[in-house]
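K.L.:
For reference, this is upload-v2.txt, and it has compact mmCIF, C-alpha atoms.
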# COMPACT_ATOMS: atom_id res chain seq x y z
CA MET A 19 -36.70 4.97 1.78
CA ARG A 20 -35.57 7.90 -0.36
CA ALA A 21 -33.52 10.68 1.21
CA GLU A 22 -35.65 13.63 2.22
CA ILE A 23 -35.41 16.49 -0.27
CA THR A 24 -34.60 19.83 1.28
CA ASP A 25 -33.58 23.20 -0.12
CA ASN A 26 -30.40 23.39 1.89
CA LYS A 27 -28.64 20.12 1.11
CA VAL A 28 -24.88 20.24 1.54
CA LYS A 29 -22.09 17.84 0.77
CA VAL A 30 -20.81 15.96 3.81
CA VAL A 31 -17.16 15.00 4.27
CA VAL A 32 -17.25 11.83 6.38
CA GLY A 33 -14.03 11.47 8.37
CA LEU A 34 -11.34 14.09 8.78
CA GLY A 35 -7.66 13.14 8.91
CA GLN A 36 -5.32 13.86 6.01
CA THR A 37 -7.77 12.87 3.26
CA GLY A 38 -10.78 14.59 4.82
CA LEU A 39 -8.76 17.77 5.23
CA SER A 40 -7.76 17.67 1.55
CA CYS A 41 -11.43 17.21 0.58
CA ALA A 42 -12.39 20.20 2.72
CA ARG A 43 -9.67 22.34 1.10
CA TYR A 44 -10.89 21.33 -2.35
CA LEU A 45 -14.56 22.07 -1.63
CA SER A 46 -13.66 25.37 0.02
CA SER A 47 -11.57 26.42 -2.99
CA ARG A 48 -14.67 25.84 -5.16
CA HIS A 49 -16.89 27.78 -2.73
CA GLU A 50 -19.14 24.77 -2.22
CA ASN A 51 -21.41 24.31 0.78
CA PHE A 52 -20.27 21.40 2.91
CA LYS A 53 -19.88 20.15 6.45
CA VAL A 54 -17.39 17.77 8.05
CA ILE A 55 -18.36 14.96 10.42
CA ASP A 56 -16.19 12.59 12.44
CA THR A 57 -16.94 10.15 15.24
CA ARG A 58 -13.79 11.21 17.11
CA PRO A 59 -14.00 14.18 19.49
CA ASN A 60 -10.58 15.47 18.41
CA PRO A 61 -9.76 13.98 15.00
CA PRO A 62 -6.40 14.48 13.26
CA GLY A 63 -6.39 17.65 11.18
CA LEU A 64 -9.03 19.43 13.28
CA GLN A 65 -6.90 22.49 14.10
CA GLN A 66 -5.77 22.83 10.48
CA LEU A 67 -9.37 22.61 9.28
CA GLN A 68 -10.50 25.31 11.70
CA ALA A 69 -7.59 27.54 10.65
CA GLU A 70 -8.05 27.06 6.90
CA CYS A 71 -11.86 26.78 6.76
CA PRO A 72 -13.04 28.68 9.86
CA ASP A 73 -16.67 28.83 8.72
CA VAL A 74 -17.10 25.13 8.02
CA GLU A 75 -19.77 23.36 10.05
CA LEU A 76 -18.45 20.50 12.17
CA GLU A 77 -20.22 17.56 13.79
CA LEU A 78 -18.02 15.50 16.11
CA GLY A 79 -19.15 12.38 17.89
CA GLU A 80 -21.57 9.66 16.87
CA PHE A 81 -22.89 10.10 13.32
CA LYS A 82 -26.34 11.70 13.11
CA GLU A 83 -28.58 9.82 10.72
CA GLU A 84 -30.41 12.97 9.69
CA THR A 85 -27.14 14.60 8.61
CA LEU A 86 -26.27 11.68 6.36
CA LEU A 87 -29.80 11.15 5.01
CA ASN A 88 -30.13 14.82 4.05
CA ALA A 89 -26.71 15.15 2.43
CA ALA A 90 -26.37 16.19 -1.20
CA GLN A 91 -23.44 13.79 -1.39
CA LEU A 92 -21.27 11.79 1.01
CA ILE A 93 -17.51 12.17 0.49
CA VAL A 94 -16.19 9.28 2.54
CA SER A 95 -12.59 9.15 3.75
CA PRO A 96 -10.73 5.83 3.29
CA GLY A 97 -10.53 5.16 7.02
CA VAL A 98 -14.33 5.15 7.37
CA ASP A 99 -16.07 1.83 6.73
CA GLN A 100 -19.03 2.19 4.36
CA GLN A 101 -20.73 -0.61 6.29
CA THR A 102 -21.24 1.79 9.22
CA PRO A 103 -25.03 1.57 9.80
CA ALA A 104 -25.72 5.29 9.39
CA ILE A 105 -23.83 5.37 6.07
CA ARG A 106 -25.56 2.24 4.80
CA LYS A 107 -28.94 3.75 5.65
CA ALA A 108 -28.10 6.97 3.78
CA VAL A 109 -26.89 5.09 0.69
CA ALA A 110 -30.02 2.91 0.76
CA GLY A 111 -31.99 6.16 0.93
CA GLY A 112 -30.47 7.35 -2.33
CA VAL A 113 -27.67 9.60 -1.11
CA PRO A 114 -24.77 9.42 -3.62
CA ILE A 115 -21.36 8.46 -2.27
CA THR A 116 -17.90 9.29 -3.60
CA GLY A 117 -14.29 9.72 -2.52
CA ASP A 118 -11.30 11.93 -3.15
CA VAL A 119 -9.86 9.80 -5.98
CA ASP A 120 -13.00 10.06 -8.12
CA MET A 121 -13.18 13.80 -7.47
CA PHE A 122 -9.54 14.15 -8.54
CA ALA A 123 -9.97 12.03 -11.67
CA SER A 124 -12.84 14.22 -12.84
CA GLN A 125 -10.60 17.30 -12.76
CA VAL A 126 -7.35 16.22 -14.43
CA GLN A 127 -6.54 15.87 -18.12
CA ALA A 128 -3.11 14.20 -17.95
CA PRO A 129 -2.84 10.39 -18.02
CA MET A 130 -2.79 8.44 -14.77
CA ILE A 131 -0.90 5.29 -13.84
CA ALA A 132 -2.90 3.65 -11.04
CA ILE A 133 -1.25 1.07 -8.77
CA THR A 134 -2.70 -1.12 -6.04
CA GLY A 135 -1.91 -4.48 -4.44
CA SER A 136 -1.55 -6.02 -1.01
CA ASN A 137 2.21 -5.40 -1.02
CA ALA A 138 4.88 -3.33 -2.77
CA LYS A 139 2.52 -0.50 -3.80
CA SER A 140 4.77 2.26 -2.49
CA THR A 141 7.97 0.76 -3.90
CA VAL A 142 6.52 0.32 -7.40
CA THR A 143 4.75 3.70 -7.35
CA SER A 144 7.94 5.50 -6.30
CA LEU A 145 10.00 3.59 -8.85
CA VAL A 146 7.64 4.46 -11.71
CA GLY A 147 7.81 8.08 -10.58
CA GLU A 148 11.60 7.96 -10.76
CA MET A 149 11.41 6.42 -14.24
CA ALA A 150 9.17 9.26 -15.42
CA ARG A 151 11.56 11.84 -13.96
CA ALA A 152 14.46 10.14 -15.74
CA GLU A 153 12.42 10.57 -18.93
CA GLY A 154 12.24 14.30 -18.18
CA LEU A 155 8.51 14.39 -17.49
CA ASN A 156 6.76 16.65 -14.99
CA VAL A 157 5.35 13.80 -12.91
CA ALA A 158 3.30 13.89 -9.70
CA VAL A 159 3.31 10.89 -7.32
CA ALA A 160 0.48 10.83 -4.79
CA GLY A 161 -2.48 8.97 -3.28
CA ASN A 162 -1.79 6.48 -0.52
CA ILE A 163 1.81 7.74 -0.64
CA GLY A 164 2.76 11.36 -0.04
CA LEU A 165 0.16 14.00 -0.82
CA PRO A 166 -3.56 13.25 -0.92
CA VAL A 167 -4.59 13.45 -4.57
CA LEU A 168 -6.83 16.51 -4.22
CA ASP A 169 -3.94 18.57 -2.87
CA LEU A 170 -2.27 18.12 -6.28
CA LEU A 171 -4.96 20.35 -7.76
CA GLN A 172 -3.46 23.28 -5.84
CA GLU A 173 -0.23 22.80 -7.82
CA ALA A 174 0.68 23.29 -11.49
CA PRO A 175 -0.75 20.50 -13.65
CA ALA A 176 1.54 17.51 -14.20
CA SER A 177 2.06 15.71 -17.50
CA LEU A 178 1.69 12.32 -15.75
CA TYR A 179 0.14 11.24 -12.45
CA VAL A 180 1.34 8.08 -10.71
CA LEU A 181 -1.13 7.09 -7.99
CA GLU A 182 -0.82 4.52 -5.24
CA LEU A 183 -4.35 3.47 -4.25
CA SER A 184 -5.48 1.35 -1.31
CA SER A 185 -8.53 -0.91 -1.28
CA PHE A 186 -10.17 1.59 1.08
CA GLN A 187 -9.70 4.40 -1.47
CA LEU A 188 -10.94 2.20 -4.29
CA GLU A 189 -14.19 1.41 -2.46
CA THR A 190 -15.43 4.92 -3.34
CA THR A 191 -13.79 5.05 -6.79
CA ASN A 192 -16.19 4.51 -9.69
CA ASN A 193 -14.83 6.57 -12.58
CA LEU A 194 -11.04 6.42 -12.45
CA GLY A 195 -10.32 5.87 -16.15
CA ALA A 196 -6.57 5.36 -15.71
CA GLU A 197 -4.31 5.15 -18.73
CA VAL A 198 -2.58 2.17 -17.09
CA ALA A 199 -3.83 0.20 -14.06
CA THR A 200 -2.50 -2.76 -12.11
CA VAL A 201 -3.15 -4.97 -9.11
CA LEU A 202 0.41 -5.99 -8.25
CA ASN A 203 -0.57 -8.93 -6.03
CA LEU A 204 -3.23 -10.10 -3.61
CA SER A 205 -2.85 -11.73 -0.21
CA LEU A 206 -5.06 -11.70 2.86
CA ASP A 207 -5.15 -8.27 4.50
CA HIS A 208 -7.63 -6.04 6.31
CA MET A 209 -9.81 -8.98 7.29
CA ASP A 210 -11.00 -6.80 10.17
CA ARG A 211 -12.72 -4.65 7.52
CA TYR A 212 -13.73 -7.20 4.87
CA THR A 213 -15.84 -10.26 5.61
CA THR A 214 -14.31 -12.40 2.82
CA VAL A 215 -11.21 -12.39 0.62
CA GLU A 216 -13.56 -11.99 -2.37
CA GLU A 217 -14.87 -8.72 -0.94
CA TYR A 218 -11.30 -7.47 -0.47
CA ARG A 219 -10.37 -8.61 -4.00
CA ASP A 220 -13.42 -6.90 -5.50
CA ALA A 221 -12.37 -3.62 -3.92
CA LYS A 222 -8.88 -3.92 -5.41
CA LEU A 223 -10.14 -4.83 -8.89
CA ARG A 224 -12.13 -1.58 -9.07
CA ILE A 225 -8.86 0.02 -10.17
CA PHE A 226 -9.41 -1.42 -13.67
CA GLN A 227 -12.72 0.40 -14.22
CA GLY A 228 -12.40 2.45 -17.40
CA CYS A 229 -8.68 1.81 -17.82
CA HIS A 230 -7.10 1.89 -21.29
CA GLN A 231 -4.25 -0.52 -20.52
CA ALA A 232 -3.72 -3.11 -17.80
CA VAL A 233 -0.60 -4.71 -16.30
CA ILE A 234 -1.14 -8.27 -15.02
CA ASN A 235 1.05 -10.32 -12.65
CA THR A 236 1.26 -13.80 -14.17
CA ASP A 237 2.62 -15.19 -10.90
CA ASP A 238 -0.50 -14.20 -8.93
CA SER A 239 -3.79 -15.66 -10.14
CA LEU A 240 -5.87 -13.74 -7.60
CA SER A 241 -4.85 -10.38 -9.05
CA GLY A 242 -5.96 -11.24 -12.61
CA ILE A 243 -9.22 -10.13 -14.21
CA ASP A 244 -11.16 -10.62 -17.44
CA LEU A 245 -11.04 -7.29 -19.27
CA PRO A 246 -12.74 -6.01 -22.43
CA SER A 247 -10.87 -6.74 -25.67
CA ASN A 248 -10.17 -3.04 -26.25
CA VAL A 249 -8.02 -2.88 -23.06
CA LYS A 250 -4.41 -3.60 -24.05
CA GLN A 251 -2.72 -5.96 -21.61
CA TRP A 252 0.92 -6.28 -20.54
CA GLN A 253 2.33 -8.91 -18.22
CA PHE A 254 5.12 -9.34 -15.72
CA GLY A 255 6.38 -12.37 -13.79
CA LEU A 256 9.47 -14.16 -12.61
CA GLU A 257 9.12 -16.93 -15.20
CA GLU A 258 10.01 -16.47 -18.87
CA ASN A 259 6.71 -16.25 -20.71
CA SER A 260 4.70 -15.00 -23.67
CA ALA A 261 4.46 -11.77 -25.68
CA ASN A 262 4.03 -8.46 -23.87
CA GLN A 263 5.80 -10.06 -20.92
CA PHE A 264 8.47 -8.56 -18.68
CA SER A 265 10.20 -11.51 -17.05
CA LEU A 266 13.35 -12.95 -15.49
CA LEU A 267 15.86 -14.79 -17.67
CA THR A 268 18.87 -16.88 -16.68
CA ARG A 269 21.78 -17.01 -19.09
CA ASP A 270 25.19 -18.49 -18.21
CA ASN A 271 24.29 -18.51 -14.48
CA GLU A 272 23.44 -14.79 -14.56
CA GLN A 273 19.90 -13.47 -14.06
CA TYR A 274 18.51 -10.68 -16.24
CA LEU A 275 15.40 -8.54 -16.48
CA SER A 276 13.94 -9.03 -19.94
CA PHE A 277 11.12 -8.03 -22.25
CA ASN A 278 9.85 -10.62 -24.74
CA SER A 279 13.08 -12.57 -24.12
CA ASP A 280 15.25 -9.53 -24.97
CA ILE A 281 17.73 -8.84 -22.16
CA LEU A 282 17.34 -5.41 -20.55
CA MET A 283 19.76 -5.43 -17.60
CA PRO A 284 21.38 -7.84 -15.12
CA VAL A 285 19.61 -8.31 -11.78
CA SER A 286 22.97 -7.65 -10.11
CA ASP A 287 22.68 -3.99 -11.22
CA LEU A 288 19.63 -3.49 -8.97
CA LYS A 289 20.22 -1.78 -5.64
CA ILE A 290 16.99 -3.18 -4.17
CA ALA A 291 17.44 -6.68 -2.70
CA GLY A 292 15.39 -9.85 -2.84
CA SER A 293 13.34 -11.75 -5.40
CA HIS A 294 10.22 -9.77 -4.47
CA ASN A 295 12.05 -6.60 -5.53
CA VAL A 296 12.96 -8.24 -8.85
CA ALA A 297 9.21 -8.68 -9.37
CA ASN A 298 8.69 -5.03 -8.36
CA ALA A 299 11.26 -3.93 -10.94
CA LEU A 300 9.50 -5.97 -13.65
CA ALA A 301 6.13 -4.48 -12.66
CA ALA A 302 7.53 -0.94 -12.86
CA LEU A 303 9.03 -1.66 -16.29
CA ALA A 304 5.67 -2.94 -17.56
CA LEU A 305 3.79 0.07 -16.21
CA GLY A 306 6.31 2.56 -17.56
CA HIS A 307 6.45 0.88 -20.96
CA ALA A 308 2.66 0.93 -21.24
CA ALA A 309 2.75 4.66 -20.45
CA GLY A 310 5.32 5.29 -23.19
CA LEU A 311 8.50 5.69 -21.13
CA SER A 312 11.74 4.74 -22.88
CA MET A 313 13.75 1.67 -21.85
CA THR A 314 16.82 3.89 -21.48
CA ALA A 315 15.16 6.12 -18.89
CA MET A 316 13.58 3.20 -17.02
CA ILE A 317 16.80 1.19 -16.79
CA SER A 318 18.70 4.27 -15.61
CA ALA A 319 16.14 4.74 -12.82
CA LEU A 320 16.33 1.06 -11.85
CA GLN A 321 20.10 1.19 -11.59
CA SER A 322 20.00 4.12 -9.16
CA PHE A 323 16.81 3.45 -7.13
CA PRO A 324 17.85 2.63 -3.53
CA GLY A 325 14.46 1.44 -2.30
CA LEU A 326 12.22 3.03 0.32
CA PRO A 327 12.76 3.26 4.08
CA HIS A 328 11.20 0.45 6.15
CA ARG A 329 10.82 -1.86 3.11
CA CYS A 330 13.49 -4.58 3.31
CA GLN A 331 15.89 -1.77 4.11
CA TRP A 332 19.41 -2.93 4.96
CA VAL A 333 20.31 -1.41 8.34
CA ALA A 334 23.70 -2.71 9.43
CA GLU A 335 26.15 -5.59 9.54
CA LYS A 336 27.21 -6.52 13.06
CA ASN A 337 29.68 -9.36 13.67
CA GLY A 338 28.78 -10.97 10.36
CA VAL A 339 25.01 -10.65 10.93
CA ASN A 340 22.98 -8.49 8.53
CA TRP A 341 19.97 -6.62 9.89
CA PHE A 342 16.99 -5.62 7.70
CA ASN A 343 14.11 -3.29 8.51
CA ASP A 344 10.85 -4.28 6.79
CA SER A 345 8.52 -2.51 9.22
CA LYS A 346 6.19 -1.72 6.29
CA GLY A 347 5.49 -5.47 6.16
CA THR A 348 2.14 -5.00 7.88
CA ASN A 349 0.46 -8.15 6.58
CA VAL A 350 1.25 -11.83 6.14
CA GLY A 351 1.84 -11.59 2.40
CA ALA A 352 4.44 -8.84 2.82
CA CYS A 353 6.21 -10.85 5.52
CA ILE A 354 6.31 -13.94 3.29
CA ALA A 355 7.73 -11.88 0.41
CA ALA A 356 10.50 -10.53 2.66
CA ILE A 357 11.35 -13.98 4.06
CA GLN A 358 11.50 -15.53 0.60
CA GLY A 359 13.33 -12.57 -0.87
CA LEU A 360 16.13 -12.66 1.70
CA GLY A 361 15.99 -16.32 2.68
CA GLY A 362 18.55 -17.53 0.18
CA LYS A 363 21.22 -15.29 1.66
CA GLY A 364 21.45 -16.89 5.12
CA LYS A 365 19.38 -18.33 7.97
CA LEU A 366 16.77 -15.88 9.21
CA ILE A 367 15.73 -14.70 12.63
CA LEU A 368 12.31 -13.13 12.18
CA LEU A 369 10.99 -10.35 14.43
CA ALA A 370 7.20 -10.17 14.10
CA GLY A 371 4.04 -9.10 15.91
CA GLY A 372 1.59 -6.30 16.58
CA GLN A 373 -2.08 -6.01 15.62
CA GLY A 374 -2.86 -8.90 13.29
CA LYS A 375 -6.08 -7.56 11.73
CA ASP A 376 -7.67 -11.04 12.04
CA ALA A 377 -5.09 -12.49 9.66
CA ASP A 378 -4.33 -16.19 9.18
CA PHE A 379 -0.68 -16.58 10.20
CA SER A 380 -0.46 -20.25 9.26
CA ALA A 381 0.74 -19.20 5.78
CA LEU A 382 4.05 -18.25 7.44
CA LYS A 383 4.82 -21.87 8.30
CA GLU A 384 6.27 -22.98 4.98
CA PRO A 385 8.60 -20.00 4.34
CA LEU A 386 9.75 -20.03 7.96
CA SER A 387 10.48 -23.76 7.91
CA ASN A 388 12.48 -23.28 4.69
CA HIS A 389 14.45 -20.17 5.60
CA ALA A 390 14.37 -19.35 9.32
CA LYS A 391 15.75 -20.75 12.56
CA LEU A 392 13.92 -18.55 15.09
CA ALA A 393 10.91 -16.24 15.36
CA ILE A 394 10.91 -13.58 18.08
CA LEU A 395 7.37 -12.35 18.69
CA PHE A 396 6.01 -9.23 20.35
CA GLY A 397 2.87 -7.15 20.61
CA GLU A 398 -0.86 -7.67 20.96
CA ASP A 399 -1.18 -10.78 18.77
CA ALA A 400 2.14 -12.46 19.60
CA GLU A 401 0.40 -15.49 21.08
CA ILE A 402 -1.85 -15.91 18.03
CA ILE A 403 1.21 -15.94 15.76
CA ASN A 404 2.98 -18.30 18.14
CA LYS A 405 0.14 -20.85 18.00
CA ALA A 406 0.16 -20.70 14.20
CA ILE A 407 3.89 -21.38 13.73
CA GLU A 408 5.32 -23.00 16.87
CA ASP A 409 5.18 -26.51 15.43
CA VAL A 410 7.64 -25.65 12.61
CA ILE A 411 10.08 -23.20 14.23
CA LYS A 412 11.48 -22.20 17.59
CA THR A 413 9.66 -19.14 18.98
CA LEU A 414 10.39 -16.70 21.78
CA THR A 415 8.12 -13.92 23.04
CA VAL A 416 9.29 -10.51 24.28
CA SER A 417 7.60 -7.38 25.54
CA SER A 418 9.48 -4.64 23.64
CA MET A 419 11.44 -3.93 20.47
CA GLU A 420 14.55 -3.34 22.57
CA GLU A 421 14.27 -6.79 24.10
CA ALA A 422 13.62 -8.34 20.67
CA VAL A 423 16.79 -6.82 19.20
CA ARG A 424 18.94 -7.82 22.18
CA LEU A 425 17.62 -11.39 22.05
CA ALA A 426 18.11 -11.64 18.28
CA ASN A 427 21.68 -10.40 18.68
CA SER A 428 22.43 -13.08 21.28
CA GLU A 429 20.86 -15.85 19.14
CA ALA A 430 22.39 -14.86 15.78
CA ASP A 431 25.51 -16.42 14.30
CA ALA A 432 27.79 -14.95 11.63
CA GLY A 433 26.10 -15.32 8.25
CA ASP A 434 22.58 -15.04 9.69
CA ILE A 435 20.02 -12.37 8.81
CA VAL A 436 17.80 -10.64 11.36
CA LEU A 437 14.63 -9.44 9.68
CA LEU A 438 12.00 -7.17 11.20
CA SER A 439 8.90 -7.94 9.12
CA PRO A 440 6.02 -7.81 11.59
CA ALA A 441 3.12 -9.15 9.46
CA CYS A 442 0.96 -6.87 11.63
CA ALA A 443 -0.10 -3.28 12.10
CA SER A 444 1.93 -1.26 14.59
CA PHE A 445 -0.68 0.69 16.54
CA ASP A 446 -0.58 -1.41 19.70
CA MET A 447 2.98 -0.27 20.49
CA PHE A 448 3.84 2.56 18.07
CA SER A 449 2.28 5.55 16.32
CA ASN A 450 2.84 3.98 12.90
CA TYR A 451 5.09 1.57 11.03
CA GLU A 452 7.68 4.33 10.50
CA GLU A 453 8.15 4.80 14.24
CA ARG A 454 8.39 1.03 14.68
CA GLY A 455 11.13 0.84 12.05
CA GLU A 456 13.01 3.78 13.49
CA VAL A 457 12.97 2.26 16.99
CA PHE A 458 14.28 -0.99 15.53
CA MET A 459 17.10 0.79 13.71
CA ARG A 460 18.06 2.76 16.84
CA CYS A 461 18.18 -0.47 18.83
CA VAL A 462 20.36 -2.12 16.20
CA GLY A 463 22.60 0.94 16.13
CA GLY A 464 23.09 0.64 19.90
CA LEU A 465 24.42 -2.92 19.72
CA HIS A 466 28.13 -3.46 20.38
Would you write out, as C-alpha cells, the structure that this file holds?
P.N.:
Amino acid sequence: MRAEITDNKVKVVVGLGQTGLSCARYLSSRHENFKVIDTRPNPPGLQQLQAECPDVELELGEFKEETLLNAAQLIVSPGVDQQTPAIRKAVAGGVPITGDVDMFASQVQAPMIAITGSNAKSTVTSLVGEMARAEGLNVAVAGNIGLPVLDLLQEAPASLYVLELSSFQLETTNNLGAEVATVLNLSLDHMDRYTTVEEYRDAKLRIFQGCHQAVINTDDSLSGIDLPSNVKQWQFGLEENSANQFSLLTRDNEQYLSFNSDILMPVSDLKIAGSHNVANALAALALGHAAGLSMTAMISALQSFPGLPHRCQWVAEKNGVNWFNDSKGTNVGACIAAIQGLGGKGKLILLAGGQGKDADFSALKEPLSNHAKLAILFGEDAEIINKAIEDVIKTLTVSSMEEAVRLANSEADAGDIVLLSPACASFDMFSNYEERGEVFMRCVGGLH
C-alpha cells in the first residue's frame, strides 16, 4: 500500500530525547514543517522543545498509523526500534525514513572519521579527537558521545569531525560517506533489539557505506568486511603483521606500538591500562594516520591521554588492593576486555549485574576461570549470570552496590584487583552507567 498523498505532508520526528530535540532544533532553524511524536506521555526534552519550538505540533502516546503513513519523511531517533509495527507499515507504504546522522552528513563539507564497535567507541573517539587537537586542527567530537551531531551545525564549521556512532544510529544512516570508517570490534550486544548477531553486525557495517578509507581490526574477524578496491584499507591488531598495519612489537622484553614494524613508542608510556587499551591506542593511530595526522601529534596525545571516566578507571588502592571502575562495561564483550586487560596484574574480584539485554553470559567463563577468584553479582539478572558462571568460579549475590563493595573489601587480599564491569545495562538500579560508577567510587572512598 502506498502512503496517501496529501497537500499538507510534514516531516515527523519519531522519538524525542536528546537526539529528537536536536532534530527539532535543526528543522525549526530551516523553517520546515514538522511534528514530533513519542509514545511516552512525558518524554525527556519535552519542556525544552516547548520552550524552543512553541508552535511545534506534538503527539504523545501510542503512535497513530495515519500520522506515520501521511508523513513526508520519518526522522527516527536511535532509541526507537524501526520494527515497531506502525513504523514498518509506514515504510512499507513508501514513506522515506532517515536519521540525524544522514541529515548531518548532507550538510557538512569537512572530512569525517566515523567510529563504531561493541566496545571502546568513546575511548577511541575521544583519543582521535585529542590527536587532532594536538595537530592544531579545529576538530569537533560528537554523535553517541557529547553533542548530537545536528547541534554541531549551530556552531562554526570544523575542519574535521570525529563521530562515535551506535548501531541504532547507523540503522537510519544510508549516505554517510566518511573519509575514514571503522568497526573497532563486534561482540553480542543489544540482543533485546536484534533477533540475530548477523542483524546487529549488518547495522554496524553500514558505517562503511561510501567511505574513502577503512580501518580494520585484524584480531576480530566479525568486524571485517569486503570493500571495493578503491577504498584504501589500514589495519590494527596486537600481533605483528603486514603492510599498513599498526601492531604491538616486543623487543628485549619491552612492548612497543609500531607501524609496519617501525617502533613508535613504548607501551609503558601509555597512561591507559590494559591490553584492550593497547588495541584502542593502535586503532586511534590507524584512524589518525588515515586522516593525515602526524605521528608526532598522535604520540604526544597518546602519552598524555588519561582515559575516560567509568572505563577501566583506576579509583583507589586500599590495603594493597586496587579498585577499578568500568561501569561503561555494559555488555559481555566489554566485561571480557576489562577482565583480560587487567587480569595479568593480580587475581580479580568481579562486580557484575544489572539488565542483561538477553545476553549470553557463558562467554565470561573462560576469562573468569583464568583471572578471577570471585564474582559478586547484583541487579535484575544476577541469577542468570550466576547460572552461567557458577561452575567455574565462586559467586555471591548482593542487593546493592554498597553491599557489593563491602563484601569485595572483606574478600580481597593484598595484590588483588576489584573490578566493577557489570556486563549489563544499569537501568534497573541506576539512572545510567555514570551514576552506577559514581556510587561505586563513593562506596570505595568510604572504605577504611
K.L.:
Which neighbours of Met283 in chain A fall inside 9 Å, counting all atoms listed in the file, when residues of the same chain fewer than 2 positions from it are skipped, and could you give them as a PyMOL selection string?
P.N.:
chain A and resi 273-276+281+285-288+317+321
K.L.:
What lies within 7 Å of Ser387 in chain A using all atoms listed in the file, ignoring chain neighbours under 3 positions off, as an mmCIF file with C-alpha atoms, in the frame of the given file?
P.N.:
data_model
loop_
_atom_site.group_PDB
_atom_site.id
_atom_site.type_symbol
_atom_site.label_atom_id
_atom_site.label_comp_id
_atom_site.auth_asym_id
_atom_site.auth_seq_id
_atom_site.Cartn_x
_atom_site.Cartn_y
_atom_site.Cartn_z
ATOM 1 C CA LYS A 383 4.820 -21.870 8.300
ATOM 2 C CA GLU A 384 6.270 -22.980 4.980
ATOM 3 C CA ALA A 390 14.370 -19.350 9.320
ATOM 4 C CA VAL A 410 7.640 -25.650 12.610
ATOM 5 C CA ILE A 411 10.080 -23.200 14.230
#
K.L.:
Which of these residues is nearest to Ser140 in chain A, using only C-alpha atoms: A:Val109, A:Ala302, A:Ala443, A:Leu204?
P.N.:
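Between A:Val109, A:Ala302, A:Ala443, A:Leu204, the residue approaching Ser140 in chain A most closely is A:Ala302.
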K.L.:
May I have the residues at most 10 Å from (-10.1, -4.9, -6.2) in the file's coordinates, counting all atoms listed in the file, as a VMD selection string?
P.N.:
chain A and resid 134 to 135 184 to 186 188 to 189 200 to 201 204 216 to 227 240 to 243
K.L.:
Identify, on the basis of only C-alpha atoms, every residue whose closest approach to range 342-359 of chain A does not exceed 9 Å; exclude the query and any residue fewer than 3 positions from it along the same chain; express the result as a PyMOL selection string.
P.N.:
chain A and resi 136-138+204-208+291-295+327-334+362-363+366+368+370+372-375+377-379+381-382+385-386+388-390+435-444+451-456+458-459
K.L.:
Could you check which of A:Pro175, A:Gly147, A:Gly371, A:Gly397 is closest to Gly306 in chain A, using only C-alpha atoms?
P.N.:
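The answer is A:Gly147, which sits nearest to Gly306 in chain A.
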K.L.:
Restricting the calculation to only C-alpha atoms, which member of A:Thr415, A:Asn203, A:Ser312, A:Asn162 is positioned closest to Glu401 in chain A?
P.N.:
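Once distances to Glu401 in chain A are computed over only C-alpha atoms, the minimum belongs to A:Thr415.
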K.L.:
Just the residues within 10 Å of Lys53 in chain A, please, counting all atoms listed in the file, with nothing from its chain fewer than 4 positions along; format it as a PDB file with C-alpha atoms, in the frame of the given file.
P.N.:
ATOM      1  CA  VAL A  28     -24.880  20.240   1.540  1.00  0.00           C
ATOM      2  CA  LYS A  29     -22.090  17.840   0.770  1.00  0.00           C
ATOM      3  CA  VAL A  30     -20.810  15.960   3.810  1.00  0.00           C
ATOM      4  CA  VAL A  31     -17.160  15.000   4.270  1.00  0.00           C
ATOM      5  CA  VAL A  32     -17.250  11.830   6.380  1.00  0.00           C
ATOM      6  CA  ALA A  42     -12.390  20.200   2.720  1.00  0.00           C
ATOM      7  CA  LEU A  45     -14.560  22.070  -1.630  1.00  0.00           C
ATOM      8  CA  ASP A  73     -16.670  28.830   8.720  1.00  0.00           C
ATOM      9  CA  VAL A  74     -17.100  25.130   8.020  1.00  0.00           C
ATOM     10  CA  GLU A  75     -19.770  23.360  10.050  1.00  0.00           C
ATOM     11  CA  LEU A  76     -18.450  20.500  12.170  1.00  0.00           C
ATOM     12  CA  GLU A  77     -20.220  17.560  13.790  1.00  0.00           C
ATOM     13  CA  THR A  85     -27.140  14.600   8.610  1.00  0.00           C
ATOM     14  CA  ALA A  89     -26.710  15.150   2.430  1.00  0.00           C
TER      15      ALA A  89
END
K.L.:
Would you please work out which residue, of A:Ile55, A:Val423, A:Leu320, A:Ala128, is nearest to Gly464 in chain A when using all atoms listed in the file?
P.N.:
A:Val423
K.L.:
May I ask for the distance between CA of Leu326 in chain A and CA of Val126 in chain A, given in Å to one decimal place?
P.N.:
27.8 Å
K.L.:
Please compute the CA of Val233 in chain A-CA of Glu148 in chain A distance, one decimal, in Å.
P.N.:
18.4 Å
K.L.:
Counting all atoms listed in the file, which residue out of A:Gln101, A:Gln231, A:Thr141, A:Asn298 sits closest to Thr213 in chain A?
P.N.:
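Using all atoms listed in the file, Thr213 in chain A sits closest to A:Gln101.
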K.L.:
In Å to one decimal, how far is CA of Arg151 in chain A from CA of Pro129 in chain A?
P.N.:
15.0 Å
K.L.:
Which neighbours of Thr236 in chain A fall inside 9 Å, counting all atoms listed in the file, when residues of the same chain fewer than 6 positions from it are skipped, and could you give them as a PyMOL selection string?
P.N.:
chain A and resi 242+253-257+259+263
